[in-house]
$ cat upload_15.txt   # compact mmCIF, C-alpha atoms
# COMPACT_ATOMS: atom_id res chain seq x y z
CA MET C 148 -5.15 -24.43 -64.08
CA LEU C 149 -6.06 -27.95 -62.91
CA ILE C 150 -4.84 -31.02 -64.78
CA SER C 151 -7.39 -31.85 -67.46
CA TYR C 152 -8.35 -35.37 -66.49
CA PRO C 153 -11.40 -36.91 -68.14
CA LYS C 154 -14.47 -36.60 -65.98
CA LEU C 155 -15.18 -40.28 -65.40
CA SER C 156 -16.96 -40.14 -62.09
CA LEU C 157 -20.70 -40.54 -61.91
CA SER C 158 -22.80 -39.53 -58.99
CA PHE C 159 -22.87 -41.77 -55.99
CA CYS C 160 -26.62 -41.38 -55.90
CA SER C 161 -27.06 -42.42 -59.51
CA PHE C 162 -25.26 -45.70 -58.84
CA CYS C 163 -27.31 -46.29 -55.74
CA ALA C 164 -30.46 -45.67 -57.76
CA VAL C 165 -29.43 -48.39 -60.22
CA ASP C 166 -28.57 -50.88 -57.47
CA PHE C 167 -31.47 -50.01 -55.20
CA GLU C 168 -33.74 -52.89 -56.19
CA VAL C 169 -30.95 -55.33 -55.41
CA GLU C 170 -29.71 -53.72 -52.23
CA ARG C 171 -33.19 -53.26 -50.83
CA GLU C 172 -33.15 -56.96 -49.95
CA THR C 173 -30.25 -56.33 -47.55
CA PRO C 174 -31.28 -53.19 -45.69
CA ALA C 175 -28.91 -51.13 -43.58
CA ASP C 176 -28.16 -52.48 -40.16
CA PRO C 177 -30.63 -51.27 -37.48
CA ALA C 178 -27.76 -49.89 -35.46
CA MET C 179 -27.12 -47.28 -38.11
CA ASP C 180 -28.14 -43.85 -36.88
CA PHE C 181 -27.57 -41.88 -40.07
CA PRO C 182 -29.11 -41.92 -43.54
CA PRO C 183 -28.18 -44.55 -46.16
CA CYS C 184 -26.10 -43.14 -49.01
CA HIS C 185 -29.00 -43.00 -51.50
CA PHE C 186 -31.04 -40.84 -49.09
CA ARG C 187 -28.33 -38.17 -48.87
CA CYS C 188 -27.90 -35.18 -51.15
CA PRO C 189 -24.63 -35.52 -53.16
CA ILE C 190 -23.95 -31.82 -52.50
CA SER C 191 -24.44 -31.49 -48.74
CA MET C 192 -24.21 -35.21 -47.84
CA GLU C 193 -27.23 -34.67 -45.58
CA LEU C 194 -30.60 -36.43 -45.50
CA MET C 195 -32.85 -35.06 -48.24
CA LYS C 196 -36.14 -33.50 -47.18
CA GLU C 197 -37.32 -32.45 -50.62
CA PRO C 198 -35.53 -34.65 -53.19
CA VAL C 199 -35.67 -33.49 -56.81
CA THR C 200 -34.19 -35.01 -59.96
CA ILE C 201 -32.45 -33.03 -62.70
CA SER C 202 -31.94 -33.85 -66.37
CA THR C 203 -28.86 -36.02 -65.74
CA GLY C 204 -30.94 -38.37 -63.60
CA VAL C 205 -29.21 -37.45 -60.34
CA THR C 206 -31.33 -36.55 -57.30
CA TYR C 207 -30.50 -33.65 -55.00
CA GLU C 208 -32.02 -31.68 -52.14
CA ARG C 209 -34.10 -28.96 -53.82
CA LYS C 210 -32.58 -25.97 -52.01
CA ASN C 211 -29.03 -27.17 -52.73
CA ILE C 212 -29.44 -27.74 -56.46
CA GLU C 213 -31.43 -24.51 -56.88
CA LYS C 214 -28.61 -22.63 -55.16
CA TRP C 215 -26.11 -24.35 -57.48
CA PHE C 216 -28.06 -23.41 -60.64
CA PHE C 217 -29.66 -20.08 -59.84
CA THR C 218 -27.41 -18.47 -57.21
CA TYR C 219 -24.00 -19.64 -58.42
CA LYS C 220 -25.08 -19.75 -62.09
CA LYS C 221 -23.53 -23.18 -62.65
CA LYS C 222 -24.35 -25.03 -65.87
CA THR C 223 -23.13 -28.48 -64.88
CA CYS C 224 -24.37 -31.39 -62.78
CA PRO C 225 -22.35 -31.08 -59.54
CA ALA C 226 -21.98 -34.85 -59.16
CA THR C 227 -21.17 -35.88 -62.75
CA MET C 228 -19.90 -32.51 -64.07
CA GLN C 229 -21.94 -33.03 -67.25
CA SER C 230 -22.96 -29.86 -69.06
CA ILE C 231 -26.65 -29.06 -68.68
CA GLU C 232 -28.99 -27.18 -70.99
CA ASN C 233 -32.29 -28.20 -69.37
CA PHE C 234 -32.47 -26.83 -65.83
CA GLY C 235 -35.86 -28.35 -65.07
CA ILE C 236 -36.30 -29.90 -61.62
CA ILE C 237 -38.71 -32.81 -61.03
CA PRO C 238 -39.80 -33.83 -57.50
CA ASN C 239 -38.76 -37.40 -56.70
CA HIS C 240 -41.88 -38.50 -54.80
CA THR C 241 -40.88 -42.16 -54.70
CA LEU C 242 -37.58 -41.42 -53.00
CA LYS C 243 -39.26 -39.02 -50.60
CA ARG C 244 -41.70 -41.76 -49.52
CA LEU C 245 -38.79 -44.14 -48.97
CA ILE C 246 -36.98 -41.55 -46.86
CA VAL C 247 -40.08 -40.89 -44.75
CA SER C 248 -40.56 -44.65 -44.31
CA TRP C 249 -36.93 -45.08 -43.29
CA GLN C 250 -37.19 -42.25 -40.76
CA SER C 251 -40.31 -43.76 -39.23
CA ASN C 252 -38.65 -47.16 -39.05
CA GLU C 253 -35.54 -45.71 -37.38
CA ASP C 254 -37.66 -43.81 -34.84
CA SER C 255 -39.51 -47.01 -34.03
CA LYS C 256 -36.30 -48.97 -33.57
CA SER C 257 -34.73 -46.35 -31.32
CA SER C 258 -37.83 -46.20 -29.09
CA CYS C 259 -38.02 -49.96 -28.46
CA SER C 260 -34.38 -51.01 -28.70
CA SER C 261 -32.44 -52.25 -25.70
CA PRO C 262 -28.69 -52.56 -25.17
CA SER C 263 -28.85 -56.32 -25.61
CA SER C 264 -30.46 -55.99 -29.05
CA SER C 265 -28.36 -53.11 -30.42
CA GLN C 266 -26.79 -55.37 -33.04
CA SER C 267 -28.87 -57.43 -35.45
CA GLN C 268 -26.17 -60.05 -35.90
CA PRO C 269 -23.54 -61.51 -33.56
CA CYS C 270 -20.04 -60.09 -33.96
CA SER C 271 -18.80 -63.44 -35.23
CA ALA C 272 -21.29 -63.35 -38.09
CA LYS C 273 -20.25 -59.80 -38.96
CA HIS C 274 -16.60 -60.86 -38.90
CA ASP C 275 -17.33 -63.70 -41.30
CA GLU C 276 -19.22 -61.32 -43.57
CA ILE C 277 -16.30 -58.86 -43.61
CA GLN C 278 -13.92 -61.68 -44.55
CA ALA C 279 -16.20 -62.90 -47.32
CA LEU C 280 -16.70 -59.43 -48.76
CA LEU C 281 -12.97 -58.69 -48.73
CA SER C 282 -12.35 -61.95 -50.54
CA THR C 283 -14.91 -60.94 -53.17
CA VAL C 284 -13.33 -57.50 -53.56
CA VAL C 285 -9.94 -59.11 -54.21
CA SER C 286 -11.14 -61.78 -56.65
CA SER C 287 -14.04 -60.16 -58.50
CA PRO C 288 -13.82 -57.45 -61.16
CA PHE C 289 -17.15 -56.11 -59.87
CA LYS C 290 -16.09 -54.57 -56.59
CA VAL C 291 -18.46 -51.65 -56.03
CA ASN C 292 -21.39 -53.49 -54.41
CA SER C 293 -19.10 -55.47 -52.09
CA ILE C 294 -17.35 -52.28 -50.95
CA LYS C 295 -20.74 -50.65 -50.35
CA LYS C 296 -21.71 -53.55 -48.10
CA LEU C 297 -18.42 -53.26 -46.25
CA ARG C 298 -19.18 -49.59 -45.75
CA SER C 299 -22.56 -50.35 -44.19
CA ILE C 300 -20.97 -52.84 -41.79
CA ILE C 301 -18.13 -50.68 -40.48
CA GLU C 302 -20.51 -47.76 -40.02
CA ILE C 303 -22.10 -49.68 -37.14
CA ASP C 304 -19.50 -49.05 -34.46
CA ASP C 305 -15.79 -48.85 -33.64
CA GLU C 306 -15.63 -52.61 -33.03
CA MET C 307 -16.51 -53.27 -36.66
CA LYS C 308 -13.90 -50.75 -37.79
CA ASP C 309 -11.23 -52.51 -35.72
CA ASP C 310 -12.32 -55.88 -37.10
CA PHE C 311 -12.08 -54.51 -40.65
CA ILE C 312 -8.54 -53.21 -40.01
CA GLN C 313 -7.44 -56.48 -38.38
CA SER C 314 -8.82 -58.38 -41.38
CA ASN C 315 -6.39 -56.48 -43.65
CA GLY C 316 -9.25 -54.50 -45.13
CA VAL C 317 -7.15 -51.34 -45.41
CA GLU C 318 -4.55 -53.16 -47.52
CA VAL C 319 -7.25 -54.39 -49.89
CA LEU C 320 -8.76 -50.94 -50.40
CA VAL C 321 -5.40 -49.19 -50.72
CA GLN C 322 -4.54 -51.56 -53.58
CA ILE C 323 -7.68 -50.33 -55.34
CA LEU C 324 -6.63 -46.72 -54.70
CA ASP C 325 -3.24 -47.35 -56.23
CA GLN C 326 -4.82 -48.62 -59.45
CA THR C 327 -6.26 -45.19 -60.26
CA ILE C 328 -2.83 -43.79 -61.10
CA MET C 329 -2.23 -46.46 -63.72
CA GLU C 330 -2.81 -45.46 -67.34
CA SER C 331 -4.86 -48.62 -67.87
CA SER C 332 -7.35 -47.80 -65.09
CA ASP C 333 -10.91 -47.83 -66.36
CA PHE C 334 -14.29 -46.51 -65.32
CA VAL C 335 -15.08 -49.50 -63.10
CA THR C 336 -11.78 -49.16 -61.26
CA PHE C 337 -12.40 -45.46 -60.75
CA ARG C 338 -15.83 -46.13 -59.24
CA ALA C 339 -14.35 -48.77 -56.95
CA CYS C 340 -11.75 -46.24 -55.84
CA GLU C 341 -14.47 -43.71 -54.98
CA GLU C 342 -16.26 -46.36 -52.90
CA ALA C 343 -12.99 -47.35 -51.21
CA LEU C 344 -12.57 -43.75 -50.05
CA CYS C 345 -16.10 -43.87 -48.60
CA VAL C 346 -14.87 -46.66 -46.32
CA LEU C 347 -11.39 -45.38 -45.57
CA HIS C 348 -12.49 -41.93 -44.45
CA GLN C 349 -14.41 -43.51 -41.55
CA LEU C 350 -11.37 -45.21 -40.07
CA PRO C 351 -9.25 -43.73 -37.28
CA ILE C 352 -5.86 -42.44 -38.44
CA SER C 353 -2.93 -42.10 -36.05
CA GLU C 354 0.80 -42.17 -36.64
CA GLU C 355 1.12 -45.52 -34.89
CA GLY C 356 -1.72 -47.17 -36.79
CA LYS C 357 -1.71 -49.39 -39.86
CA THR C 358 -4.17 -47.15 -41.69
CA PHE C 359 -1.84 -44.14 -41.54
CA GLU C 360 1.15 -46.22 -42.61
CA LEU C 361 -0.65 -47.42 -45.75
CA LEU C 362 -2.39 -44.17 -46.71
CA SER C 363 0.79 -42.11 -46.30
CA LYS C 364 2.65 -44.11 -48.96
CA GLN C 365 3.47 -42.15 -52.08
CA GLU C 366 1.19 -44.13 -54.41
CA SER C 367 -1.77 -43.69 -52.08
CA THR C 368 -1.30 -39.96 -51.55
CA ARG C 369 -0.90 -39.46 -55.29
CA SER C 370 -4.16 -41.34 -55.92
CA MET C 371 -6.00 -39.23 -53.36
CA ALA C 372 -4.58 -36.03 -54.83
CA ILE C 373 -5.96 -37.10 -58.21
CA MET C 374 -9.34 -37.75 -56.58
CA LEU C 375 -9.42 -34.16 -55.34
CA GLN C 376 -9.28 -33.08 -58.98
CA ARG C 377 -11.49 -35.56 -60.80
CA GLY C 378 -13.65 -37.34 -58.23
CA SER C 379 -17.33 -36.87 -57.49
CA ALA C 380 -18.43 -34.39 -54.84
CA GLU C 381 -18.70 -37.16 -52.27
CA ALA C 382 -15.33 -38.66 -53.19
CA ARG C 383 -13.67 -35.27 -52.84
CA LEU C 384 -15.28 -34.81 -49.42
CA HIS C 385 -14.05 -38.21 -48.25
CA THR C 386 -10.56 -37.56 -49.61
CA ILE C 387 -10.20 -34.19 -47.90
CA THR C 388 -11.51 -35.77 -44.67
CA ILE C 389 -8.68 -38.31 -44.85
CA PHE C 390 -6.15 -35.56 -45.55
CA ARG C 391 -7.43 -33.60 -42.55
CA LYS C 392 -6.86 -36.63 -40.29
CA MET C 393 -3.36 -37.01 -41.73
CA ALA C 394 -2.72 -33.30 -41.17
CA ARG C 395 -3.35 -33.81 -37.46
CA THR C 396 -0.37 -36.17 -37.34
CA GLU C 397 3.25 -35.39 -38.17
CA TYR C 398 2.75 -36.32 -41.82
CA ASP C 399 5.35 -34.91 -44.20
CA TRP C 400 3.58 -33.17 -47.11
CA SER C 401 6.74 -32.59 -49.14
CA PHE C 402 6.21 -35.49 -51.57
CA ILE C 403 2.64 -34.68 -52.53
CA VAL C 404 3.44 -30.96 -52.89
CA GLN C 405 6.45 -31.71 -55.07
CA ASP C 406 4.61 -34.37 -57.07
CA GLN C 407 1.40 -32.42 -57.76
CA GLY C 408 2.73 -28.85 -57.73
CA ILE C 409 0.34 -25.91 -57.72
CA ASP C 410 -2.46 -28.12 -59.07
CA PHE C 411 -2.70 -29.67 -55.61
CA PHE C 412 -3.15 -26.23 -54.07
CA LYS C 413 -5.70 -25.27 -56.71
CA SER C 414 -7.80 -28.33 -55.92
CA LEU C 415 -7.63 -27.50 -52.19
CA LEU C 416 -8.61 -23.89 -52.87
CA GLU C 417 -11.56 -25.07 -54.97
CA LEU C 418 -12.81 -26.97 -51.92
CA VAL C 419 -12.22 -23.92 -49.71
CA SER C 420 -14.41 -21.95 -52.12
CA ASP C 421 -17.22 -24.54 -51.90
CA GLU C 422 -20.03 -22.58 -50.28
CA ILE C 423 -22.47 -25.49 -50.40
CA CYS C 424 -20.55 -28.25 -48.60
CA SER C 425 -19.18 -26.43 -45.56
CA LYS C 426 -17.55 -29.57 -44.18
CA ALA C 427 -15.33 -29.96 -47.25
CA SER C 428 -14.42 -26.28 -47.09
CA SER C 429 -13.51 -26.45 -43.41
CA CYS C 430 -11.41 -29.60 -43.89
CA ALA C 431 -9.54 -28.01 -46.80
CA LEU C 432 -8.72 -24.96 -44.68
CA GLU C 433 -7.27 -27.14 -41.91
CA VAL C 434 -5.17 -29.10 -44.41
CA LEU C 435 -3.85 -25.89 -45.98
CA ILE C 436 -2.88 -24.48 -42.59
CA GLU C 437 -0.76 -27.53 -41.79
CA ILE C 438 0.84 -27.60 -45.24
CA LEU C 439 1.73 -23.90 -45.16
CA ARG C 440 3.13 -24.17 -41.65
CA ALA C 441 5.55 -26.81 -42.88
CA SER C 442 7.72 -24.68 -45.18
CA LYS C 443 8.14 -21.41 -47.03
CA LYS C 444 8.25 -23.31 -50.36
CA ASN C 445 4.70 -24.53 -49.74
CA ARG C 446 3.56 -20.95 -49.09
CA LEU C 447 5.11 -19.76 -52.34
CA ARG C 448 3.30 -22.49 -54.28
CA ALA C 449 0.01 -21.55 -52.62
CA ILE C 450 0.59 -17.89 -53.52
CA GLU C 451 1.29 -18.94 -57.11
CA ALA C 452 -2.01 -20.85 -57.11
CA GLY C 453 -3.84 -17.61 -56.20
CA ALA C 454 -4.46 -18.35 -52.53
CA VAL C 455 -4.28 -14.74 -51.31
CA CYS C 456 -6.85 -13.44 -53.80
CA ILE C 457 -9.24 -16.34 -53.19
CA LEU C 458 -9.07 -16.02 -49.40
CA ILE C 459 -9.53 -12.24 -49.49
CA GLU C 460 -12.64 -12.60 -51.64
CA LEU C 461 -14.13 -15.31 -49.42
CA LEU C 462 -13.35 -13.56 -46.14
CA PRO C 463 -16.26 -11.07 -45.92
CA ASP C 464 -18.99 -13.72 -46.16
CA SER C 465 -17.40 -16.36 -43.93
CA ASN C 466 -18.63 -17.43 -40.50
CA ARG C 467 -16.45 -16.93 -37.43
CA SER C 468 -14.68 -20.30 -37.54
CA LYS C 469 -13.86 -20.16 -41.25
CA CYS C 470 -12.91 -16.49 -40.99
CA GLU C 471 -10.31 -17.23 -38.30
CA LYS C 472 -8.84 -20.09 -40.34
CA MET C 473 -8.67 -17.94 -43.48
CA LEU C 474 -6.98 -15.14 -41.56
CA HIS C 475 -4.47 -17.64 -40.23
CA LEU C 476 -3.68 -18.70 -43.79
CA ILE C 477 -3.36 -15.09 -44.97
CA LYS C 478 -1.02 -14.39 -42.06
CA LEU C 479 1.18 -17.35 -43.05
CA LEU C 480 1.21 -16.19 -46.67
CA CYS C 481 2.05 -12.61 -45.65
CA GLU C 482 5.17 -13.86 -43.93
CA CYS C 483 6.52 -14.08 -47.49
CA ALA C 484 7.22 -10.94 -49.53
CA GLU C 485 5.18 -12.40 -52.40
CA GLY C 486 2.19 -12.88 -50.11
CA ARG C 487 2.33 -9.31 -48.82
CA GLN C 488 2.63 -8.06 -52.38
CA ALA C 489 -0.45 -10.05 -53.42
CA LEU C 490 -2.41 -8.69 -50.45
CA VAL C 491 -1.67 -5.00 -51.06
CA GLU C 492 -2.18 -5.33 -54.82
CA HIS C 493 -5.64 -6.80 -54.33
CA GLY C 494 -8.15 -3.96 -54.36
CA MET C 495 -9.98 -5.35 -51.31
CA GLY C 496 -6.96 -6.66 -49.38
CA ILE C 497 -6.59 -3.92 -46.75
CA VAL C 498 -10.36 -3.36 -46.68
CA ALA C 499 -11.17 -7.02 -45.94
CA ILE C 500 -8.64 -7.32 -43.11
CA THR C 501 -9.80 -4.01 -41.60
CA LYS C 502 -13.45 -5.02 -41.66
CA ILE C 503 -12.70 -8.18 -39.68
CA MET C 504 -10.84 -6.40 -36.89
CA LEU C 505 -13.01 -5.70 -33.80
CA HIS C 506 -15.96 -7.23 -35.61
CA VAL C 507 -15.72 -11.04 -35.71
CA SER C 508 -13.84 -12.24 -32.62
CA ASN C 509 -10.84 -11.49 -30.41
CA ALA C 510 -8.87 -14.20 -32.20
CA ALA C 511 -9.69 -12.71 -35.60
CA THR C 512 -8.69 -9.24 -34.41
CA LYS C 513 -5.39 -10.56 -33.07
CA ILE C 514 -4.53 -12.24 -36.40
CA GLY C 515 -5.73 -9.20 -38.35
CA VAL C 516 -3.35 -6.95 -36.40
CA LYS C 517 -0.49 -9.37 -37.13
CA ILE C 518 -1.25 -9.11 -40.85
CA ILE C 519 -1.39 -5.30 -40.73
CA TRP C 520 1.85 -5.27 -38.73
CA LEU C 521 3.59 -7.46 -41.35
CA VAL C 522 2.46 -5.11 -44.12
CA CYS C 523 3.46 -1.98 -42.18
CA ASN C 524 6.82 -3.43 -41.24
CA PHE C 525 7.87 -4.86 -44.61
CA HIS C 526 5.70 -3.18 -47.25
CA PRO C 527 4.94 0.36 -46.08
CA THR C 528 4.44 2.11 -49.41
CA GLU C 529 2.75 5.49 -49.45
CA ARG C 530 -0.28 4.04 -51.23
CA VAL C 531 -0.68 1.28 -48.63
CA LEU C 532 -0.44 3.73 -45.72
CA GLU C 533 -3.00 5.98 -47.38
CA GLU C 534 -5.39 3.04 -47.90
CA MET C 535 -5.05 2.07 -44.25
CA LEU C 536 -6.10 5.60 -43.26
CA MET C 537 -8.93 5.85 -45.80
CA TYR C 538 -10.43 2.41 -45.10
CA GLY C 539 -10.44 2.71 -41.33
CA SER C 540 -7.44 0.56 -40.40
CA VAL C 541 -5.81 3.40 -38.48
CA LYS C 542 -9.01 4.19 -36.62
CA LYS C 543 -9.41 0.58 -35.50
CA LEU C 544 -5.77 0.38 -34.47
CA LEU C 545 -6.26 3.49 -32.33
CA ALA C 546 -9.36 1.90 -30.78
CA LEU C 547 -7.22 -1.05 -29.73
CA LEU C 548 -4.90 1.31 -27.89
CA HIS C 549 -7.83 2.37 -25.68
CA MET C 550 -8.26 -1.16 -24.36
CA ASP C 551 -7.16 -1.79 -20.80
CA GLY C 552 -4.17 -3.90 -19.98
CA ARG C 553 -1.18 -4.94 -22.02
CA SER C 554 -1.02 -7.62 -24.69
CA SER C 555 1.13 -8.70 -27.61
CA THR C 556 -1.56 -7.33 -29.94
CA LYS C 557 -1.49 -3.92 -28.28
CA ASP C 558 2.32 -3.94 -28.39
CA LYS C 559 2.21 -4.49 -32.15
CA VAL C 560 -0.23 -1.59 -32.54
CA VAL C 561 2.14 0.69 -30.63
CA LYS C 562 5.02 -0.38 -32.88
CA ILE C 563 2.91 0.37 -35.96
CA PHE C 564 2.24 3.91 -34.77
CA LYS C 565 5.88 4.43 -33.87
CA MET C 566 6.76 3.54 -37.47
CA HIS C 567 4.04 5.42 -39.35
CA GLY C 568 2.12 7.68 -36.96
CA ASN C 569 3.79 10.86 -38.20
CA SER C 570 3.00 9.96 -41.82
CA TRP C 571 -0.69 9.50 -41.07
CA LYS C 572 -0.92 12.78 -39.13
CA ARG C 573 0.00 14.72 -42.25
CA TYR C 574 -3.18 13.69 -44.08
CA PRO C 575 -6.00 16.26 -43.83
CA CYS C 576 -8.58 13.50 -43.34
CA PHE C 577 -6.88 12.40 -40.11
CA PRO C 578 -9.25 13.43 -37.24
CA TYR C 579 -7.94 16.23 -35.03
CA ASP C 580 -8.81 14.48 -31.75
CA LEU C 581 -6.93 11.41 -32.96
CA LYS C 582 -3.90 13.57 -33.70
CA GLU C 583 -3.84 14.62 -30.06
CA TYR C 584 -4.20 11.04 -28.89
CA LEU C 585 -1.50 9.89 -31.30
CA GLY C 586 0.79 12.59 -29.96
CA PHE C 587 0.20 11.23 -26.47
CA VAL C 588 1.08 7.71 -27.62
CA ASN C 589 4.32 8.86 -29.23
CA ASP C 590 5.29 10.93 -26.18
CA SER C 591 4.56 8.10 -23.75
CA SER C 592 6.54 5.62 -25.82
$ encode --input "upload_15.txt" --output "structure tokens"
Amino acid sequence: MLISYPKLSLSFCSFCAVDFEVERETPADPAMDFPPCHFRCPISMELMKEPVTISTGVTYERKNIEKWFFTYKKKTCPATMQSIENFGIIPNHTLKRLIVSWQSNEDSKSSCSSPSSSQSQPCSAKHDEIQALLSTVVSSPFKVNSIKKLRSIIEIDDEMKDDFIQSNGVEVLVQILDQTIMESSDFVTFRACEEALCVLHQLPISEEGKTFELLSKQESTRSMAIMLQRGSAEARLHTITIFRKMARTEYDWSFIVQDQGIDFFKSLLELVSDEICSKASSCALEVLIEILRASKKNRLRAIEAGAVCILIELLPDSNRSKCEKMLHLIKLLCECAEGRQALVEHGMGIVAITKIMLHVSNAATKIGVKIIWLVCNFHPTERVLEEMLMYGSVKKLLALLHMDGRSSTKDKVVKIFKMHGNSWKRYPCFPYDLKEYLGFVNDSS
């Protein structure tokens, strides 16, 4: 069960709606080639085509919020997590007109722009603006609008990002992050932290860089772990994006795993289960893979958090890329006795792995065979062997033996039949022609 923090975060869109009259005077830079924050759905983070407003005052893309309410039967606002009794949806015609106007304006700019006019202000002016905004963030208690403006500037290009880093912008925002773990942190600080993550997730992160050095400190990682549990949908997406970049380095996850315990894994698994924001789900899978690779202790904590059951239940409806990542995670978990136990005790464990084999991709089949081999080698109970025969695992393994050439996957299949072929032949449901083929395999081996 996740730590019960108070749900302080409000929707990013709702704040933008409040500030829109002010910020309209300083429109997004023409070089921006993606929607402003208040034109994006808080669920998918994509440009809204049919914006609708719900009873909490937050605007979403119609198809996303309808899926949230009526397909997933949720009774909360996904951005604010407020309970909802009125599920009425009202078209936001004003916002739709603004989006259409913005799209037309962007199309016009792109058609007549030239390389010499790609930036509306000289770099020196942008540098001065970054410095001024950072100074305001440090000195003013009202930080959110200044951080939003910083976000719009660094979104322009990599040069602006480098300028922001050289101006000690990362240090300023990390200090805001660190304030969220203090007992005295308030609502305003929390909102500023969410906005800081919106900026930080856009920056490059490498082991040699300043950004990685600051974000990998214990206070920062603890703050981001808390954001995964209590932040808005957008803040959680930005946090997991940062963690994915860190996972691609040699970052040591031991502190955050020890500090947050299974709650950290539960928050990652919640993102994996997010069927609306596929980017957050994919990032969470990559982060989990790197964490589980690091140590057996991490795998045991993930198993305790229910990882095997969650992954098995998500597997049948996943696309190829997510399916392969989930199988990789299940394989890592099944390298522990507790993981294999959880797999075979789940009613759909053997079925789900079998269905994937020879159906999704060669990579998925290869990992699926590894999982079956781990179960057959270390957990070959009579019930498990019977399930493998009944649910088609044995038939698919035999099909793999028919494939030309030699491979590590085929070698594992042969080893499986050497171990358990005679047991399967005793079952009356075992096809006669397969018995003959199995006899050939045993004789040839």
$ residues_near_point --input "upload_15.txt" --point "(-26.2, -23.3, -62.3)" --cutoff "12 Å" --atoms "only C-alpha atoms" --output "list in words"
Ile201, Asn211, Ile212, Glu213, Lys214, Trp215, Phe216, Phe217, Thr218, Tyr219, Lys220, Lys221, Lys222, Thr223, Cys224, Pro225, Met228, Gln229, Ser230, Ile231, Glu232, Asn233, Phe234 and Gly235 of chain C
$ residues_around --input "upload_15.txt" --residues "region 558-566 of chain C" --least-positions-apart "6" --cutoff "10 Å" --atoms "all atoms listed in the file" --output "PyMOL selection string"
chain C and resi 513+516-517+519-524+527+541+543-548+585+588-589+592
$ axis_aligned_box --input "upload_15.txt" --around "region 552-562 of chain C" --padding-each-side "8 Å" --output "lines of an AutoDock Vina configuration file"
center_x = 0.4
center_y = -4.0
center_z = -26.4
size_x = 25.2
size_y = 25.4
size_z = 28.9
$ atom_distance --input "upload_15.txt" --atom1 "CA of His185 (chain C)" --atom2 "CA of Phe289 (chain C)"
19.6 Å
$ residues_around --input "upload_15.txt" --residues "Asn315 (chain C)" --least-positions-apart "5" --cutoff "12 Å" --atoms "all atoms listed in the file" --output "ChimeraX atom specification"
/C:277-278,280-282,285,308-310,320-322,357-358,361
$ residues_near_point --input "upload_15.txt" --point "(-3.3, -16.2, -53.9)" --cutoff "12 Å" --atoms "only C-alpha atoms" --output "MDAnalysis selection string"
chainID C and resid 409 412:413 416 446:461 473 476:477 479:481 483 485:493 496
$ atom_distance --input "upload_15.txt" --atom1 "CA of Lys502 (chain C)" --atom2 "CA of Met550 (chain C)"
18.5 Å
$ closest_residue --input "upload_15.txt" --among "C:Ser314, C:Ser202, C:Ser271, C:Ser540" --to "Ile237 (chain C)" --atoms "all atoms listed in the file"
C:Ser202
$ atom_distance --input "upload_15.txt" --atom1 "CA of Ser420 (chain C)" --atom2 "CA of Val404 (chain C)"
20.0 Å
$ closest_residue --input "upload_15.txt" --among "C:Pro351, C:Gln405, C:Asn292, C:Ile312" --to "Arg369 (chain C)" --atoms "all atoms listed in the file"
C:Gln405
$ residues_around --input "upload_15.txt" --residues "region 430-440 of chain C" --least-positions-apart "2" --cutoff "7 Å" --atoms "all atoms listed in the file" --output "number ranges by chain"
C: 387-388, 390-391, 394, 400, 415, 418-419, 426-428, 442, 445-446, 472, 476, 479
$ write_last_selection --input "upload_15.txt" --atoms "C-alpha atoms" --output "short mmCIF file (atom, residue, chain, number, x, y, z; two decimals), in the frame of the given file"
data_model
loop_
_atom_site.label_atom_id
_atom_site.label_comp_id
_atom_site.auth_asym_id
_atom_site.auth_seq_id
_atom_site.Cartn_x
_atom_site.Cartn_y
_atom_site.Cartn_z
CA ILE C 387 -10.20 -34.19 -47.90
CA THR C 388 -11.51 -35.77 -44.67
CA PHE C 390 -6.15 -35.56 -45.55
CA ARG C 391 -7.43 -33.60 -42.55
CA ALA C 394 -2.72 -33.30 -41.17
CA TRP C 400 3.58 -33.17 -47.11
CA LEU C 415 -7.63 -27.50 -52.19
CA LEU C 418 -12.81 -26.97 -51.92
CA VAL C 419 -12.22 -23.92 -49.71
CA LYS C 426 -17.55 -29.57 -44.18
CA ALA C 427 -15.33 -29.96 -47.25
CA SER C 428 -14.42 -26.28 -47.09
CA SER C 442 7.72 -24.68 -45.18
CA ASN C 445 4.70 -24.53 -49.74
CA ARG C 446 3.56 -20.95 -49.09
CA LYS C 472 -8.84 -20.09 -40.34
CA LEU C 476 -3.68 -18.70 -43.79
CA LEU C 479 1.18 -17.35 -43.05
#
$ closest_residue --input "upload_15.txt" --among "C:Pro288, C:Val531, C:His549, C:Gly378" --to "Trp571 (chain C)" --atoms "only C-alpha atoms"
C:Val531
$ residues_around --input "upload_15.txt" --residues "Leu474 (chain C)" --least-positions-apart "5" --cutoff "9 Å" --atoms "all atoms listed in the file" --output "VMD selection string"
chain C and resid 458 to 459 462 469 479 500 511 514 to 515 518
$ write_last_selection --input "upload_15.txt" --atoms "C-alpha atoms" --output "mmCIF file, in the frame of the given file"
data_model
loop_
_atom_site.group_PDB
_atom_site.id
_atom_site.type_symbol
_atom_site.label_atom_id
_atom_site.label_comp_id
_atom_site.auth_asym_id
_atom_site.auth_seq_id
_atom_site.Cartn_x
_atom_site.Cartn_y
_atom_site.Cartn_z
ATOM 1 C CA LEU C 458 -9.070 -16.020 -49.400
ATOM 2 C CA ILE C 459 -9.530 -12.240 -49.490
ATOM 3 C CA LEU C 462 -13.350 -13.560 -46.140
ATOM 4 C CA LYS C 469 -13.860 -20.160 -41.250
ATOM 5 C CA LEU C 479 1.180 -17.350 -43.050
ATOM 6 C CA ILE C 500 -8.640 -7.320 -43.110
ATOM 7 C CA ALA C 511 -9.690 -12.710 -35.600
ATOM 8 C CA ILE C 514 -4.530 -12.240 -36.400
ATOM 9 C CA GLY C 515 -5.730 -9.200 -38.350
ATOM 10 C CA ILE C 518 -1.250 -9.110 -40.850
#
